[in-house]
Amino acid sequence: MLPDVDRPQVVLDDAWTYFLSQQRVPTSVLYHYTSKSALLNILKTKRMWATDLRFMNDPEELEYSLKVIESVIDSTALRQRDSELALWLMFFKRQLRDVIAKSTFYSISLCENADDREQWREYGINGDGFALGWSVDSPHPEIPLRIGVVYDPEAQEQLVRRLIEIHLDSIRKEGDLREGVGLASASFAAGSLGILLNVSAANFKREKWSNEHEYRYIYQSLHDVVPAGTVRRWRAAGPINKPYIEADFSQALLRRVIVGRQNNRLWTALWLRRTLKRNGHLTTDIYRSSIGMA
């Protein structure tokens, strides 16, 4: 989902329309499963941590998606009768890998499921934590790219293949791509395709992760320059220091908080209500999880 922006003028209309048609549309609320200490930090600072994708639980982040994209580019290039189009695709592939290598994608992971056993187990302290339900319509000072992760390998390949074909169609009729109108058209198509595949690189994952039902709020930086209004920090995770940025959620609407079943005591609900009010969340609903972890 890309709710915060209109079609960029640097993206082909047909490509943008197709790309949006293939995206998962979330419900009105997305959930972030977390611990009590993290909940307190989020409420106090009014910020969420967006972690560098290369330091996520999946060691194949970005590299897997690049392999999918590059495989489709290669197979499409091999089918081209026009050698100029084939060369254009090979040049584009090198450019895309170079840009992604120089980019950092900071991501906040959320889930479309309000009360999910796997999320409680993996991120909600085995049912002893909380699920924060943020409104997807909330404004953010640094506007993130908000998009659902694609897990189906066939859907991934189809998306990439169709985007490539749309852009090839836009330059195929121009003839010589080395000068004049042809060169301008080829350059525009490369930029347009690069934007859309750059987004796809940050939200393709292997099918085995599909039970996470993940949506991502992505903040991208280039050449190690962090997004405007944010500060990069590091946190220890075992022997690794994971880089992250603090994203401003001061204007975000916290619609509801779900209390994990293992943490479901009367005093917890009372404490949570006082804590929410003290931090400005006066209308947030509190619910009890119905999922046990035995």
# chains A, B, ... in the order shown; residues from 1 in each chain; ligands from 1
>>> residues_around(residues="Ala114 (chain A)", least_positions_apart="2", cutoff="7 Å", atoms="only C-alpha atoms", output="list in words")
Tyr31, Glu112 and Asp116 of chain A
>>> write_last_selection(atoms="C-alpha atoms", output="compact mmCIF listing (two decimals), in the first residue's frame")
# COMPACT_ATOMS: atom_id res chain seq x y z
CA TYR A 31 -0.27 -4.43 14.67
CA GLU A 112 -2.40 -7.39 9.61
CA ASP A 116 -1.88 -14.04 15.96
>>> closest_atom_pairs(of="region 170-209 of chain A", to="region 41-65 of chain A", cutoff="7 Å", atoms="only C-alpha atoms", output="tab-separated table")
residue	atom	partner	partner_atom	distance
A:Ala201	CA	A:Ser65	CA	5.1
A:Ala202	CA	A:Leu62	CA	6.1
A:Phe204	CA	A:Ser65	CA	5.3
A:Lys205	CA	A:Ser65	CA	6.7
>>> write_last_selection(atoms="C-alpha atoms", output="PDB file, in the first residue's frame")
ATOM      1  CA  ALA A 201      13.424  -5.474  -3.510  1.00  0.00           C
ATOM      2  CA  ALA A 202      12.415  -4.353  -0.024  1.00  0.00           C
ATOM      3  CA  PHE A 204       9.883  -9.826  -1.443  1.00  0.00           C
ATOM      4  CA  LYS A 205      10.484 -12.690   0.977  1.00  0.00           C
TER       5      LYS A 205
END
>>> select_by_dssp(residues="region 36-219 of chain A", states="helix (DSSP H, G or I)", output="ChimeraX atom specification")
/A:36-45,53-55,63-78,83-101,117-122,125-127,153-172,180-201,207-212
>>> closest_atom_pairs(of="region 69-134 of chain A", to="region 212-220 of chain A", cutoff="9 Å", atoms="only C-alpha atoms", output="tab-separated table")
residue	atom	partner	partner_atom	distance
A:Ser103	CA	A:Gln220	CA	6.8
A:Thr104	CA	A:Gln220	CA	5.7
A:Phe105	CA	A:Gln220	CA	4.5
A:Tyr106	CA	A:Tyr219	CA	5.0
A:Ser107	CA	A:Ile218	CA	4.6
A:Ile108	CA	A:Tyr217	CA	5.1
A:Ser109	CA	A:Arg216	CA	5.0
A:Leu110	CA	A:Tyr215	CA	5.1
A:Cys111	CA	A:Glu214	CA	4.7
A:Glu112	CA	A:His213	CA	6.2
A:Asn113	CA	A:His213	CA	7.3
A:Asp116	CA	A:Glu212	CA	8.8
A:Glu118	CA	A:Glu212	CA	7.2
A:Gln119	CA	A:Glu212	CA	6.9
>>> write_last_selection(atoms="N, CA and C atoms", output="short mmCIF file (atom, residue, chain, number, x, y, z; two decimals), in the first residue's frame")
data_model
loop_
_atom_site.label_atom_id
_atom_site.label_comp_id
_atom_site.auth_asym_id
_atom_site.auth_seq_id
_atom_site.Cartn_x
_atom_site.Cartn_y
_atom_site.Cartn_z
N SER A 103 22.21 1.56 -0.88
CA SER A 103 21.04 2.00 -0.12
C SER A 103 20.91 1.24 1.20
N THR A 104 20.27 1.90 2.14
CA THR A 104 19.89 1.25 3.39
C THR A 104 18.38 1.37 3.53
N PHE A 105 17.74 0.25 3.82
CA PHE A 105 16.29 0.22 3.99
C PHE A 105 15.99 -0.02 5.46
N TYR A 106 15.44 0.98 6.13
CA TYR A 106 15.05 0.83 7.52
C TYR A 106 13.56 0.49 7.56
N SER A 107 13.20 -0.54 8.33
CA SER A 107 11.84 -1.04 8.27
C SER A 107 11.23 -1.23 9.66
N ILE A 108 9.96 -0.81 9.79
CA ILE A 108 9.15 -1.16 10.94
C ILE A 108 8.23 -2.29 10.50
N SER A 109 8.27 -3.40 11.22
CA SER A 109 7.46 -4.56 10.85
C SER A 109 6.14 -4.54 11.61
N LEU A 110 5.05 -4.69 10.85
CA LEU A 110 3.72 -4.77 11.42
C LEU A 110 2.99 -5.95 10.81
N CYS A 111 1.88 -6.34 11.45
CA CYS A 111 1.13 -7.50 11.00
C CYS A 111 -0.33 -7.12 10.84
N GLU A 112 -0.99 -7.70 9.83
CA GLU A 112 -2.40 -7.39 9.61
C GLU A 112 -3.31 -8.14 10.57
N ASN A 113 -2.79 -9.16 11.27
CA ASN A 113 -3.61 -9.97 12.17
C ASN A 113 -3.60 -9.40 13.59
N ASP A 116 -2.51 -12.99 16.75
CA ASP A 116 -1.88 -14.04 15.96
C ASP A 116 -0.91 -14.85 16.81
N GLU A 118 1.54 -16.95 16.07
CA GLU A 118 2.95 -16.89 15.69
C GLU A 118 3.58 -15.55 16.07
N GLN A 119 2.83 -14.48 15.92
CA GLN A 119 3.36 -13.17 16.30
C GLN A 119 3.58 -13.07 17.81
#
>>> atom_distance(atom1="CA of Ser210 (chain A)", atom2="CA of Val149 (chain A)")
8.6 Å
>>> residues_around(residues="Leu40 (chain A)", least_positions_apart="5", cutoff="12 Å", atoms="only C-alpha atoms", output="ChimeraX atom specification")
/A:34-35,45-48,129-130,132,271-272,274-276,278-279
>>> write_last_selection(atoms="N, CA and C atoms", output="mmCIF file, in the first residue's frame")
data_model
loop_
_atom_site.group_PDB
_atom_site.id
_atom_site.type_symbol
_atom_site.label_atom_id
_atom_site.label_comp_id
_atom_site.auth_asym_id
_atom_site.auth_seq_id
_atom_site.Cartn_x
_atom_site.Cartn_y
_atom_site.Cartn_z
ATOM 1 N N THR A 34 5.098 -6.613 20.689
ATOM 2 C CA THR A 34 6.313 -6.168 21.367
ATOM 3 C C THR A 34 6.264 -6.466 22.855
ATOM 4 N N SER A 35 7.312 -6.107 23.561
ATOM 5 C CA SER A 35 7.430 -6.353 24.998
ATOM 6 C C SER A 35 6.929 -5.153 25.793
ATOM 7 N N THR A 45 8.596 8.056 24.121
ATOM 8 C CA THR A 45 9.351 8.827 23.124
ATOM 9 C C THR A 45 8.506 9.210 21.918
ATOM 10 N N LYS A 46 7.353 8.519 21.750
ATOM 11 C CA LYS A 46 6.488 8.709 20.580
ATOM 12 C C LYS A 46 7.242 8.398 19.289
ATOM 13 N N ARG A 47 8.090 7.385 19.391
ATOM 14 C CA ARG A 47 8.876 6.958 18.238
ATOM 15 C C ARG A 47 8.888 5.432 18.153
ATOM 16 N N MET A 48 9.008 4.947 16.918
ATOM 17 C CA MET A 48 9.151 3.510 16.669
ATOM 18 C C MET A 48 10.509 3.262 16.032
ATOM 19 N N GLY A 129 3.522 -10.187 26.202
ATOM 20 C CA GLY A 129 3.719 -8.814 25.757
ATOM 21 C C GLY A 129 2.431 -8.136 25.338
ATOM 22 N N PHE A 130 2.544 -7.272 24.318
ATOM 23 C CA PHE A 130 1.411 -6.459 23.874
ATOM 24 C C PHE A 130 1.438 -6.352 22.353
ATOM 25 N N LEU A 132 0.387 -3.516 19.573
ATOM 26 C CA LEU A 132 -0.033 -2.126 19.381
ATOM 27 C C LEU A 132 -0.719 -1.993 18.025
ATOM 28 N N TRP A 271 -2.960 -0.645 34.844
ATOM 29 C CA TRP A 271 -1.678 0.039 34.616
ATOM 30 C C TRP A 271 -1.599 0.560 33.193
ATOM 31 N N LEU A 272 -2.029 -0.262 32.237
ATOM 32 C CA LEU A 272 -1.958 0.121 30.831
ATOM 33 C C LEU A 272 -2.843 1.326 30.549
ATOM 34 N N ARG A 274 -3.766 3.740 32.593
ATOM 35 C CA ARG A 274 -3.121 4.938 33.161
ATOM 36 C C ARG A 274 -1.935 5.372 32.302
ATOM 37 N N THR A 275 -1.155 4.396 31.841
ATOM 38 C CA THR A 275 0.029 4.697 31.040
ATOM 39 C C THR A 275 -0.360 5.320 29.704
ATOM 40 N N LEU A 276 -1.392 4.784 29.062
ATOM 41 C CA LEU A 276 -1.859 5.339 27.800
ATOM 42 C C LEU A 276 -2.339 6.773 27.962
ATOM 43 N N ARG A 278 -1.557 8.892 30.307
ATOM 44 C CA ARG A 278 -0.441 9.768 30.675
ATOM 45 C C ARG A 278 0.379 10.178 29.451
ATOM 46 N N ASN A 279 0.346 9.350 28.407
ATOM 47 C CA ASN A 279 1.121 9.639 27.201
ATOM 48 C C ASN A 279 0.261 10.122 26.039
#
>>> residues_around(residues="Val99 (chain A)", least_positions_apart="5", cutoff="10 Å", atoms="only C-alpha atoms", output="list in words")
Arg94, Thr104, Gly194, Asn198, Leu222 and His223 of chain A
>>> write_last_selection(atoms="C-alpha atoms", output="JSON list (two decimals), in the first residue's frame")
[["chain", "number", "residue", "atom", "x", "y", "z"],
["A", 94, "ARG", "CA", 23.90, -3.57, -13.06],
["A", 104, "THR", "CA", 19.89, 1.25, 3.39],
["A", 194, "GLY", "CA", 14.27, 1.33, -11.06],
["A", 198, "ASN", "CA", 13.67, -0.84, -5.80],
["A", 222, "LEU", "CA", 21.26, 6.39, -0.02],
["A", 223, "HIS", "CA", 25.01, 6.64, 0.45]]
>>> atom_distance(atom1="CA of Tyr33 (chain A)", atom2="CA of Phe19 (chain A)")
28.8 Å
>>> select_by_dssp(residues="region 122-265 of chain A", states="strand (DSSP E)", output="JSON, numbers by chain")
{"A": [130, 131, 132, 133, 134, 135, 145, 146, 147, 148, 214, 215, 216, 217, 218, 219, 220, 221, 222, 232, 233, 234, 235, 236, 237, 240, 241, 242, 243, 244, 245, 246, 247, 248, 254, 255, 256, 257, 258, 259]}
>>> write_last_selection(atoms="N, CA and C atoms", output="compact mmCIF listing (two decimals), in the first residue's frame")
# COMPACT_ATOMS: atom_id res chain seq x y z
N PHE A 130 2.54 -7.27 24.32
CA PHE A 130 1.41 -6.46 23.87
C PHE A 130 1.44 -6.35 22.35
N ALA A 131 0.28 -6.10 21.78
CA ALA A 131 0.18 -5.80 20.34
C ALA A 131 -0.39 -4.40 20.19
N LEU A 132 0.39 -3.52 19.57
CA LEU A 132 -0.03 -2.13 19.38
C LEU A 132 -0.72 -1.99 18.03
N GLY A 133 -1.97 -1.55 18.03
CA GLY A 133 -2.73 -1.43 16.80
C GLY A 133 -2.75 0.00 16.29
N TRP A 134 -1.91 0.29 15.27
CA TRP A 134 -1.79 1.64 14.73
C TRP A 134 -2.72 1.82 13.53
N SER A 135 -3.37 2.96 13.46
CA SER A 135 -4.21 3.28 12.31
C SER A 135 -3.35 3.48 11.08
N LEU A 145 7.31 4.57 3.15
CA LEU A 145 6.65 3.74 2.15
C LEU A 145 5.94 2.63 2.90
N ARG A 146 4.63 2.53 2.76
CA ARG A 146 3.86 1.54 3.51
C ARG A 146 3.37 0.47 2.54
N ILE A 147 3.86 -0.75 2.72
CA ILE A 147 3.62 -1.77 1.70
C ILE A 147 3.62 -3.16 2.31
N GLY A 148 2.78 -4.05 1.75
CA GLY A 148 2.70 -5.43 2.22
C GLY A 148 3.77 -6.30 1.58
N GLU A 214 3.20 -9.89 7.01
CA GLU A 214 3.89 -8.64 7.35
C GLU A 214 3.57 -7.49 6.40
N TYR A 215 3.42 -6.33 7.00
CA TYR A 215 3.46 -5.06 6.30
C TYR A 215 4.68 -4.31 6.80
N ARG A 216 5.22 -3.47 5.94
CA ARG A 216 6.42 -2.73 6.31
C ARG A 216 6.23 -1.24 6.10
N TYR A 217 6.77 -0.48 7.07
CA TYR A 217 6.95 0.96 6.89
C TYR A 217 8.42 1.14 6.59
N ILE A 218 8.73 1.50 5.35
CA ILE A 218 10.11 1.56 4.88
C ILE A 218 10.59 3.00 4.79
N TYR A 219 11.79 3.24 5.35
CA TYR A 219 12.49 4.51 5.22
C TYR A 219 13.82 4.19 4.53
N GLN A 220 14.02 4.70 3.32
CA GLN A 220 15.23 4.38 2.57
C GLN A 220 16.22 5.53 2.61
N SER A 221 17.49 5.16 2.72
CA SER A 221 18.55 6.16 2.65
C SER A 221 19.56 5.71 1.59
N LEU A 222 20.28 6.66 1.02
CA LEU A 222 21.26 6.39 -0.02
C LEU A 222 22.60 6.96 0.40
N ARG A 232 20.29 7.87 13.32
CA ARG A 232 20.65 6.46 13.32
C ARG A 232 21.30 6.09 14.65
N ARG A 233 20.89 4.94 15.17
CA ARG A 233 21.45 4.42 16.40
C ARG A 233 21.75 2.94 16.22
N TRP A 234 22.33 2.32 17.24
CA TRP A 234 22.62 0.90 17.21
C TRP A 234 22.12 0.26 18.50
N ARG A 235 21.67 -0.98 18.41
CA ARG A 235 21.28 -1.72 19.60
C ARG A 235 21.92 -3.10 19.54
N ALA A 236 22.28 -3.59 20.71
CA ALA A 236 22.94 -4.89 20.79
C ALA A 236 21.91 -6.01 20.64
N ALA A 237 22.24 -6.99 19.79
CA ALA A 237 21.43 -8.20 19.63
C ALA A 237 22.40 -9.37 19.62
N ILE A 240 25.86 -8.96 17.74
CA ILE A 240 25.68 -8.03 16.63
C ILE A 240 25.10 -6.70 17.11
N ASN A 241 25.61 -5.61 16.60
CA ASN A 241 25.00 -4.31 16.81
C ASN A 241 24.13 -3.96 15.60
N LYS A 242 22.82 -3.90 15.82
CA LYS A 242 21.90 -3.67 14.71
C LYS A 242 21.63 -2.17 14.55
N PRO A 243 21.85 -1.62 13.35
CA PRO A 243 21.54 -0.21 13.13
C PRO A 243 20.03 -0.01 12.94
N TYR A 244 19.54 1.10 13.47
CA TYR A 244 18.13 1.44 13.33
C TYR A 244 17.97 2.95 13.38
N ILE A 245 16.80 3.42 12.97
CA ILE A 245 16.47 4.83 13.13
C ILE A 245 15.20 4.93 13.97
N GLU A 246 15.02 6.06 14.62
CA GLU A 246 13.82 6.30 15.40
C GLU A 246 12.84 7.10 14.54
N ALA A 247 11.73 6.47 14.18
CA ALA A 247 10.74 7.11 13.32
C ALA A 247 9.69 7.82 14.17
N ASP A 248 9.34 9.02 13.77
CA ASP A 248 8.41 9.86 14.52
C ASP A 248 6.98 9.33 14.40
N LEU A 254 -3.01 5.53 17.88
CA LEU A 254 -2.97 4.19 18.45
C LEU A 254 -4.41 3.77 18.73
N ARG A 255 -4.98 2.97 17.84
CA ARG A 255 -6.40 2.64 17.92
C ARG A 255 -6.70 1.67 19.06
N ARG A 256 -5.81 0.68 19.24
CA ARG A 256 -6.07 -0.30 20.29
C ARG A 256 -4.77 -0.97 20.71
N VAL A 257 -4.80 -1.53 21.92
CA VAL A 257 -3.70 -2.35 22.42
C VAL A 257 -4.29 -3.68 22.88
N ILE A 258 -3.68 -4.76 22.43
CA ILE A 258 -4.11 -6.10 22.85
C ILE A 258 -3.10 -6.62 23.86
N VAL A 259 -3.61 -7.04 25.01
CA VAL A 259 -2.76 -7.56 26.08
C VAL A 259 -2.61 -9.06 25.90
>>> atom_distance(atom1="CA of Ala186 (chain A)", atom2="CA of Ile171 (chain A)")
5.9 Å
>>> closest_atom_pairs(of="region 23-104 of chain A", to="region 164-170 of chain A", cutoff="12 Å", atoms="only C-alpha atoms", output="JSON lines")
{"residue": "A:Ile69", "atom": "CA", "partner": "A:Ile164", "partner_atom": "CA", "distance": 9.9}
{"residue": "A:Glu70", "atom": "CA", "partner": "A:Ile164", "partner_atom": "CA", "distance": 11.2}
{"residue": "A:Val72", "atom": "CA", "partner": "A:Ile164", "partner_atom": "CA", "distance": 8.8}
{"residue": "A:Ile73", "atom": "CA", "partner": "A:Ile164", "partner_atom": "CA", "distance": 7.7}
{"residue": "A:Asp74", "atom": "CA", "partner": "A:Ile164", "partner_atom": "CA", "distance": 11.1}
{"residue": "A:Ser75", "atom": "CA", "partner": "A:Ile164", "partner_atom": "CA", "distance": 11.2}
{"residue": "A:Thr76", "atom": "CA", "partner": "A:Ile164", "partner_atom": "CA", "distance": 8.2}
{"residue": "A:Ala77", "atom": "CA", "partner": "A:Ile164", "partner_atom": "CA", "distance": 10.1}
{"residue": "A:Arg79", "atom": "CA", "partner": "A:Glu165", "partner_atom": "CA", "distance": 11.5}
{"residue": "A:Gln80", "atom": "CA", "partner": "A:Leu168", "partner_atom": "CA", "distance": 10.1}
{"residue": "A:Asp82", "atom": "CA", "partner": "A:Leu168", "partner_atom": "CA", "distance": 10.8}
{"residue": "A:Glu84", "atom": "CA", "partner": "A:Leu168", "partner_atom": "CA", "distance": 10.8}
{"residue": "A:Leu85", "atom": "CA", "partner": "A:Leu168", "partner_atom": "CA", "distance": 7.4}
{"residue": "A:Ala86", "atom": "CA", "partner": "A:Leu168", "partner_atom": "CA", "distance": 9.9}
{"residue": "A:Leu87", "atom": "CA", "partner": "A:Leu168", "partner_atom": "CA", "distance": 11.8}
{"residue": "A:Trp88", "atom": "CA", "partner": "A:Leu168", "partner_atom": "CA", "distance": 9.3}
{"residue": "A:Leu89", "atom": "CA", "partner": "A:Ile164", "partner_atom": "CA", "distance": 8.8}
{"residue": "A:Phe92", "atom": "CA", "partner": "A:Ile164", "partner_atom": "CA", "distance": 10.6}
{"residue": "A:Lys93", "atom": "CA", "partner": "A:Ile164", "partner_atom": "CA", "distance": 11.2}
>>> closest_residue(among="A:Leu266, A:Val136, A:Leu66, A:Leu159", to="Thr27 (chain A)", atoms="only C-alpha atoms")
A:Val136
